[in-house]
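S.K.: Take this structure, written in structure tokens, and hold onto it; I'll ask about it next.
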Amino acid sequence: MDAVVIQPGVDTAEPSVSGVSWAAVTAGAVVSCALTLVLLAFGVGLGLSVVSPWSGSGVSATTFKIGTGLYLIVIAMLASSIGGYIAGRLRTRWTGVHTDEVYFRDTAHGFIAWAFASVLGAILLASPASSLIGGAASGVSQAATSAASQSGPMDGYVDTLLRADTPAPASTGNTQDPRGEMTRMFTSGFRNGGE
């Protein structure tokens, strides 16, 4: 008589669910963005405390630029690391997957969380920037239009001097307009203290 012994083994079949847990990736990206915002606010406060409006006090401009650059690099590394760690830890547990594959999937979750946080941050920064650029462009065009139609303080004096009692005929032989020359003369005369 032969005895058959069945040993419990490891199930090596792939699970039917997706390997990416989007809820964990989203949570990691939100944590990364929030941590970036908090650290940036802290950095602004720190930066404003070391800068002085008086010459000779506070840090130099070179020191401030180097410190700001290093601080921004540290913020990016810290926020991305913590967001990626959160995304890797919050993913659903895979059963029957080799430990190397689990390690790879956790790392992939962290990388995807970093990428999602970068895209989310770019979108959040691009919307106010596009509003600012659009507002600046419309402001420039309005300023150019108003500058072209706006008259200076000398134009009233020149108009008073050149006003004719009788309207001039349409075809006079004189094609030069003396307004520009008179405006320049009056402006330089009044600027030099003349009456």
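If you're wondering about the labels, chains in the structure tokens are A, B, ... by order shown, residues count from 1 in each chain, ligands from 1 in order shown.
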Please identify all polymer residues within 10 Å of region 21-33 of chain A, counting only C-alpha atoms, omitting same-chain residues fewer than 6 positions from it, and present them as number ranges by chain.
M.R.: A: 39, 75-93, 105, 108-121
S.K.: When you look at Gly43 (chain A) with a cut-off of 10 Å (counting only C-alpha atoms), what residues show up, excluding the ones that are within fewer than 4 positions of it in the same chain? I need them as a VMD selection string.
M.R.: chain A and resid 37 to 39 47 to 49 68 71 to 72 75
S.K.: As an exercise, work out the distance from CA of Val74 (chain A) to CA of Thr36 (chain A) in Å and give it to one decimal place.
M.R.: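 Value for the CA of Val74 (chain A)-CA of Thr36 (chain A) distance: 10.1 Å.
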S.K.: Quote the spacing between CA of Val50 (chain A) and CA of Gly67 (chain A) in Å to one decimal place.
M.R.: 10.9 Å
